[in-house]
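Input: a single structure, listed below in structure tokens.
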Amino acid sequence: MRLINIIILISILAVSSCVDPFIPETTSYDDVLYIECLLNNDTIQPQTVKISHSTPIISETESQGIIRPAYVSGAIVSVYGPDNETHEFTETDPGRYIADPEFIPVPGNAYSLSVFLEGNIYESDLEVMKECPQIDSISHKHTVGRLSESSPIYDGYSFYVSTHEEDEGPSYFRWQSDATYFFRSFYDATHIWDGRNQIPANNNDVKYCWITNKMKGIYSSNTEGLSVNSIIETPLHFQSQFGDALSIRYSLNVKQYSISETAWQFWDDMARQVNDNGGMYDTQPFRIQGNIRCTSDPSVLVTGIFEVAGYSEKRIYVDRPLEFDIIPVVCPWEEIGTRDLPWYQIPRGSYIVYDYNAGAYFYSSPQCFDCTLKGGSLEKPAFWEDGN
Amino acid sequence: MKKLIKILCILLFLAPALMAQENEKLKIDLNLNEVSFEEFADQLKSKYGIQTFYLPKWVKDLTVSTRGEALDLETILNQILKPSEIHFIIKTNSQVFLTGPEELADPLALIPQAISLTATDSITPSSAGDQFGAYSYERAVKKAVIGAGQPSQGLLKVIINGRITNIANGEPVVGATVVIPGTSTGAITDGEGTYSITLRSGESYNLSVSCLGMENELYLIDVRGAGSLNIEMESRMIDVKEVVVRSGKNHNVRGMQMGFQRIGIKDIKSIPTVMGERDIFRVAALMPGIQTVGEGSAGFNVRGSASDQNLFLLNDIPIINTGHLFGFFSAFNPDMISDFKLYKSNFPVEFGGRLASVFDISTRKGNKKEFGARGSISPVTASLLVETPIQKDKSSFIFSTRSTYSDWILDRLEDAETTNREASFYDIMTGVHLLGKNNSSTQIFGYYSKDRFNLASTNSYRYENIGSSITYNRPLSGTWNLKAAGIFSMYTNYQSNTSQAARAFEHEFTVRSQEVKVTASGYPWVGHKVGFGGNAILHQLNQGILNPFGEESILNPIDFGKENGLEYALHVFDEISLTDQLSFYGGIRYSLFNYLGPSDIYSYQENSAYELENIIDTLSYSSGKTIKHYSGPEIRAAFNYTFSKNFSVKWSYNRMRQYLFMLSNTASISPTDRWKLTDPFIAPPISDQISLGLYKNLNNSSIETSAEVYYKKGQNIIEYKDGVNMTFDPDIETLVLQGDQTAWGMEFFIRRNTGRLNGWLSYTYARSIIQVDGDEDWQRINNGLAYPANYDKPHAFTAVGNYKISRRFSLSSNIVYNSGRPITYPTGYLFTNDYQVVNYSQRNEFRIPEYFRVDLSLNIEGNLKKRKLAHSSWMFSVYNLTGRRNAYSVYFTNDRGRIKGYKLSIYGEPIFTISYNFKLGNYAVD
């Protein structure tokens, strides 16, 4: 139950509740080693183990910057399979250990992970790989949602995934997805300012882009307690009407992993600790262990998950919604040649717009003309299917 | 010999009074401006020959101004003395006796202005009573002869009992003090208004009856044998100035009770409230040792105990869910409540079944004299109460209802955030009270409350309490009193959740109990109050079936099963006055519990965790078969040593056992929490508490102070394993562990009951630590280390003040401070796939920010005419005056890949509300 719902109810009764950002002052900090590995039969990505330290929360207030994982180098990482098969991993980037691309786990086999680091041995439970069924469908519905706790409510699409298995179950799944969308720059340029003159020009070659984003978030579900071994419309993310994403054509690619109960529990706990809200009607948060332990010294704190999962994926396309409007990120423009914005302040090579009604030139920031400046790519992805 | 001389002295000096005739009323014409009382007395003597007798301390702060009008002596004295609550007696216009505040003072303590009288000691109370009674109060004092015996001299002790009622409406006066002034003999009336005291036959006594908000009643009783004296009291209407809230003095010092709070109607009326809702629970939360998890959360934590360890009794009916709207409001209409007692320790033996406290709430019984009605309107609710005699002075009927009109408001708001949201609640209380012969009485009472809310069209909740009780009270021949009650209570809770269509479900459960209770108490021997009795409760819990909801749901039904249990107990106690100063309460309650079939019970492998994979067998038990039996004695003992009238020390020990508990692993009680009986796997929690307290009254008992320390040890306390979700799991033994709880604390309380400024200050230091440890890993929570309970708030301070600006205007204020509750904070980030998650500290290692709040309210009473049809009052209140954003909770979410911490404040700004109350009759109608 989302507390915010209750709060809204109470608020209606003439009470002003409010949510303020808050970083607690925590006086103690226990460093935790975090190990994560999702062994699967996706042949494109190599098998990867990531090792990092936890980052103290206090550092955000001090650094004000983006916190990056504290990756841990120098570990010896191995995965053991059936018949004493051993797969050594090599560190390619700090904290990132990659197996030989030939190593593809086989459904039905059991694997375990071992990490040797700074004199300690960390070992996972033995995990058996399951086959993964195909995704039946990825659907979307018009819903409302927030971009953050304090944002207003927007319309948008919620995405859902459905799948089923033939055997009795229960089955456990986790999904990772990435979204690619095709979008257009905000303005059509009429000229370029070369520092002295307005040269007639257009921005057609940088007007349309594709951009791909990894969907952040933990999405998992299971079929425990269900009368059929099916996942029916488990919610994935919410894509709001705000911004470029749904403006022309949107594509979602979902990777489905068939995981173990232990792994599902791990992700469910993780997700609950950052998704549930308000705290009053939520269960006590707690330190999550996962299925990796320090076997050489049980007092060493480690959190980790070693999954061996079957894999499948599916892609869908969504065109510009009819149910609601798109709210673009507004590009403010300003008349050039005024006291506030004289011509000499316009950077050389800027796209500008001549407005015939106003009889004046206007300036706006470059990313309103050039979609590559928003991180877009001019090249159509290989998988992309154009809509009608 | 010395004694005799003193008596003679008194007689001499009182003689004129005894012999004088009633004269014409003398007019006093003095023109004084702000002179001391002494000077006024001098003037009276020199000009009119009137002698005034008083204790200097009573009048030391008084100033006297007279305007030179010719007024009679009584009017003048009233003007001077009533504001200070000093009573006086005029004898034949030549002598004035001040008798001090409230109690009739020992006449030997009266210091005549002109006569030096040194004798103030070593006179027996009874002879003092004789003398005092002999000369005074021909008008004010009523006389009564009690008992049929001959007026023989002797030391035979006899028992006097009776019932005290309100003359206006025939309601029993609960908590009135009946005392023989100058002695330690006294009693407090019980819930039926009855009292009992022991006196010597063949003697005469002054009997003084006083009660909060009532005029004192004085009797001169001539005791010839055992008998009864029924007394009617009048509500206090003070013509001159002031209505003062006061409780009977010295209760706190003299009585056996400790860890005890009584909350009067006046307290409820005058304290600033949020959203204009007068609420006994909000007042209770301002008392020492009572805490809530957060603003607007249901339940209390009493002396560091979990919120399901409180027993809420409404006219003996156990109420399972005491809150409306998630606990923002209490489920009891305050207009209906006549008395509210709260026990935190030294539990009387007739109470049992919960570890931490008993909230004993009595309702009004209805007006037996005339029709009455009252009501209130606040921004959230409206309430109405009507009462009427059925047969005048014999029987009465009362009905009250309260409802919110929030749905009406919600319907009028066209806002995306409020669509499909609903919230409504109401409660109804009704009763019939019948007086029979021989002071017997019968009360039939019914209670119903209902809550319903829908959130964002995906979650729907409903719950209701139904309760009824029939109580029969009867004094038996001699000195015994019998009380019998039959009680029914049922709580029904329903929820549906459609947030995921495929997993949509609905679930309804009920908690039902039927109880019979018989107690008898009496005074078989001098100095002993003895009681015994028993009760039996049949608990029937239907945990319900979680069913798929809607066409699309593919959820399998989950049967949570049914539970039956019989809880029964026998109790006996003796309250002994060992000496005038030392009294002892000793009692034992032997409680037993049978967990009954029909039921299927798993057998788990020995020495392994209660986990589904360790089940080796399932045993079926037929209906009514005892599956598991628990029993044990609960010892209750207390001492009170009274050093003086104003100072005592008390000690108590008691053990409590609990057989019904709530399944809750959230910080606050949630509206979906289920209840459960102790069963073959979950043993009953037990708590032992020792407390020691000092009670001292100052300034002629206008200020009460107390300091109590306590130490509590709980066994088999139920705690939940990390992260368990009880919504879908019927096998509770797989989710809980039992551990030890240690709670200790100190409570300081100062209360001023009289004067224009009254109120209280309280400070509590309280800790509560839980440890769940075992030999095996699975038997531990938090690795077996001790951790603070969710509601462990060490420091709590409250100040409640009420200032009477004038008779119609009063200002009230609360100041509340407490430490933040413990919380498990994240201490570090982890990154998974560029997505931040958090790593948490050990359980409850940190605290949310501390809490501070100031409230203010202005009460305006309508005119104070004595004869009027209806009286109304307005309350303007500001809750959270400083607008401090107190943290209700602190939580963490991932906003687009990054962890953000948030602090949620429920009342983040000052909240101003106006509420309106009305009642038939004048200001003083209770």
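Numbering starts fresh at 1 for the residues of each chain in the structure tokens, the chains themselves are lettered A, B, ... in the order given, and ligands are numbered from 1 as they appear.
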Residues flagged strand (DSSP E) by DSSP in stretch 527-669 of chain B, as number ranges by chain: B: 528-542, 545-548, 558-559, 562-577, 582-596, 599-604, 615-621, 626-644, 647-657, 660-663
Residues of chain B within 6 Å of chain A, only C-alpha atoms counted, as a short mmCIF file (atom, residue, chain, number, x, y, z; two decimals) with C-alpha atoms, in the first residue's frame:
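Wrote it out as iface.cif, contents follow:
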data_model
loop_
_atom_site.label_atom_id
_atom_site.label_comp_id
_atom_site.auth_asym_id
_atom_site.auth_seq_id
_atom_site.Cartn_x
_atom_site.Cartn_y
_atom_site.Cartn_z
CA ALA B 502 -3.79 -11.33 -12.54
CA ILE B 554 -5.44 -16.43 -11.66
CA LEU B 555 -4.52 -16.56 -7.99
CA ASN B 556 -5.20 -19.80 -6.15
CA ASN B 665 5.63 -6.41 11.26
CA THR B 666 5.24 -2.85 10.10
CA ALA B 667 6.31 0.21 12.03
CA SER B 668 2.73 1.32 12.51
CA SER B 670 -1.77 -1.17 9.31
CA THR B 827 24.31 3.29 5.21
CA GLY B 828 25.64 2.57 1.77
CA TYR B 829 24.77 2.35 -1.88
CA LEU B 830 25.21 -0.65 -4.05
CA TYR B 835 20.91 1.18 -10.72
CA TYR B 840 20.89 -1.21 5.35
CA TYR B 891 12.21 6.48 3.45
CA PHE B 892 14.29 5.95 0.36
CA THR B 893 13.30 5.54 -3.22
CA ASN B 894 15.11 5.22 -6.44
CA ASP B 895 14.32 8.20 -8.62
CA GLY B 897 18.35 5.31 -11.03
CA GLY B 901 15.99 10.01 0.86
CA TYR B 902 12.74 11.63 1.86
CA LYS B 903 11.18 12.78 5.07
CA LEU B 904 7.45 12.65 5.24
CA SER B 905 5.57 15.04 7.50
CA ILE B 906 1.88 14.57 7.97
CA TYR B 907 1.13 17.96 9.41
CA GLY B 908 3.77 20.09 7.80
#
Shell of 7 Å around B:Asn844, only C-alpha atoms, local chain residues under 3 positions omitted, as a short mmCIF file (atom, residue, chain, number, x, y, z; two decimals) with C-alpha atoms, in the first residue's frame:
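Once written, part32.cif looks like this:
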data_model
loop_
_atom_site.label_atom_id
_atom_site.label_comp_id
_atom_site.auth_asym_id
_atom_site.auth_seq_id
_atom_site.Cartn_x
_atom_site.Cartn_y
_atom_site.Cartn_z
CA TYR B 787 18.10 -4.02 19.25
CA PRO B 788 15.76 -1.21 20.22
CA PRO B 822 14.32 3.82 15.89
CA ILE B 823 14.75 3.08 12.24
CA THR B 824 16.93 0.96 10.07
#
To one decimal place, how far is atom CA of A:Trp193 from atom CA of A:Ile352 in Å?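 So the two atoms, atom CA of A:Trp193 and atom CA of A:Ile352, lie 6.8 Å apart.
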Counting only C-alpha atoms, what is within 9 Å of A:Gln241, bar same-chain residues fewer than 5 positions away, as a CSV table (one decimal) with N, CA and C atoms, in the first residue's frame?
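around-v6.csv written:
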chain,number,residue,atom,x,y,z
A,154,TYR,N,1.8,12.7,-14.4
A,154,TYR,CA,1.7,12.8,-15.8
A,154,TYR,C,0.9,11.6,-16.4
A,155,ASP,N,0.4,11.8,-17.6
A,155,ASP,CA,-0.2,10.6,-18.3
A,155,ASP,C,1.0,9.9,-18.9
A,156,GLY,N,0.8,8.7,-19.3
A,156,GLY,CA,1.8,7.9,-20.0
A,156,GLY,C,1.4,6.5,-20.2
A,157,TYR,N,2.4,5.7,-20.6
A,157,TYR,CA,2.1,4.3,-20.8
A,157,TYR,C,2.8,3.5,-19.8
A,246,LEU,N,8.0,9.3,-26.4
A,246,LEU,CA,6.8,8.8,-27.1
A,246,LEU,C,6.4,9.6,-28.3
A,247,SER,N,7.2,10.6,-28.6
A,247,SER,CA,6.8,11.6,-29.6
A,247,SER,C,6.6,11.1,-31.0
A,321,PRO,N,1.2,8.2,-29.0
A,321,PRO,CA,-0.1,7.9,-28.4
A,321,PRO,C,-1.2,8.9,-28.9
A,324,PHE,N,-3.3,10.7,-25.2
A,324,PHE,CA,-2.9,11.9,-24.4
A,324,PHE,C,-1.8,12.6,-25.3
A,325,ASP,N,-1.6,13.9,-24.9
A,325,ASP,CA,-0.6,14.7,-25.6
A,325,ASP,C,0.8,14.4,-25.1
A,326,ILE,N,1.7,14.8,-26.0
A,326,ILE,CA,3.1,14.7,-25.6
A,326,ILE,C,3.5,16.1,-25.1
A,327,ILE,N,4.2,16.1,-24.0
A,327,ILE,CA,4.7,17.4,-23.4
A,327,ILE,C,6.2,17.5,-23.7
A,328,PRO,N,6.5,18.3,-24.8
A,328,PRO,CA,8.0,18.3,-25.1
A,328,PRO,C,8.7,19.1,-24.0
By how many Å are atom CA of B:Val158 and atom CA of B:Ala226 apart?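 If I compute the distance from atom CA of B:Val158 to atom CA of B:Ala226, I get 5.0 Å.
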Within 8 Å of B:Val878, counting only C-alpha atoms, which residues show up once you throw out same-chain ones fewer than 2 positions away? Write them as a PDB file with N, CA and C atoms, in the first residue's frame, please.
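Final output, saved to result15.pdb:
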ATOM      1  N   PRO B 272      -6.214  21.257  22.881  1.00  0.00           N
ATOM      2  CA  PRO B 272      -6.252  21.553  21.447  1.00  0.00           C
ATOM      3  C   PRO B 272      -6.201  20.260  20.635  1.00  0.00           C
ATOM      4  N   THR B 273      -6.927  20.246  19.567  1.00  0.00           N
ATOM      5  CA  THR B 273      -7.005  19.011  18.794  1.00  0.00           C
ATOM      6  C   THR B 273      -6.659  19.296  17.356  1.00  0.00           C
ATOM      7  N   VAL B 274      -6.337  18.252  16.666  1.00  0.00           N
ATOM      8  CA  VAL B 274      -6.098  18.400  15.247  1.00  0.00           C
ATOM      9  C   VAL B 274      -7.429  18.221  14.537  1.00  0.00           C
ATOM     10  N   ASP B 855       0.694  23.298  20.209  1.00  0.00           N
ATOM     11  CA  ASP B 855      -0.684  23.540  19.773  1.00  0.00           C
ATOM     12  C   ASP B 855      -1.300  24.609  20.661  1.00  0.00           C
ATOM     13  N   LEU B 856      -2.269  25.270  20.106  1.00  0.00           N
ATOM     14  CA  LEU B 856      -2.923  26.325  20.861  1.00  0.00           C
ATOM     15  C   LEU B 856      -4.399  26.299  20.521  1.00  0.00           C
ATOM     16  N   SER B 857      -5.234  26.506  21.505  1.00  0.00           N
ATOM     17  CA  SER B 857      -6.652  26.617  21.167  1.00  0.00           C
ATOM     18  C   SER B 857      -7.340  27.622  22.062  1.00  0.00           C
ATOM     19  N   PHE B 876     -11.484  27.247  18.593  1.00  0.00           N
ATOM     20  CA  PHE B 876     -10.585  27.627  17.506  1.00  0.00           C
ATOM     21  C   PHE B 876      -9.239  27.028  17.865  1.00  0.00           C
ATOM     22  N   ASN B 880       0.082  22.279  15.634  1.00  0.00           N
ATOM     23  CA  ASN B 880       1.432  22.489  15.097  1.00  0.00           C
ATOM     24  C   ASN B 880       1.667  23.963  14.762  1.00  0.00           C
ATOM     25  N   LEU B 881       1.581  24.768  15.794  1.00  0.00           N
ATOM     26  CA  LEU B 881       1.670  26.220  15.658  1.00  0.00           C
ATOM     27  C   LEU B 881       2.941  26.687  14.966  1.00  0.00           C
ATOM     28  N   PRO B 910       1.052  24.779  10.155  1.00  0.00           N
ATOM     29  CA  PRO B 910       0.051  24.963  11.204  1.00  0.00           C
ATOM     30  C   PRO B 910      -1.330  24.660  10.626  1.00  0.00           C
ATOM     31  N   ILE B 911      -2.140  23.992  11.399  1.00  0.00           N
ATOM     32  CA  ILE B 911      -3.472  23.642  10.924  1.00  0.00           C
ATOM     33  C   ILE B 911      -4.499  24.322  11.795  1.00  0.00           C
ATOM     34  N   PHE B 912      -5.280  25.138  11.156  1.00  0.00           N
ATOM     35  CA  PHE B 912      -6.268  25.912  11.893  1.00  0.00           C
ATOM     36  C   PHE B 912      -7.628  25.273  11.694  1.00  0.00           C
ATOM     37  N   THR B 913      -8.340  25.034  12.774  1.00  0.00           N
ATOM     38  CA  THR B 913      -9.685  24.496  12.617  1.00  0.00           C
ATOM     39  C   THR B 913     -10.643  25.169  13.589  1.00  0.00           C
TER      40      THR B 913
END
Within 12 Å of A:Pro298 using only C-alpha atoms, minus same-chain residues under 3 positions, as an MDAnalysis selection string: chainID A and resid 120:123 289 292:295 301:302
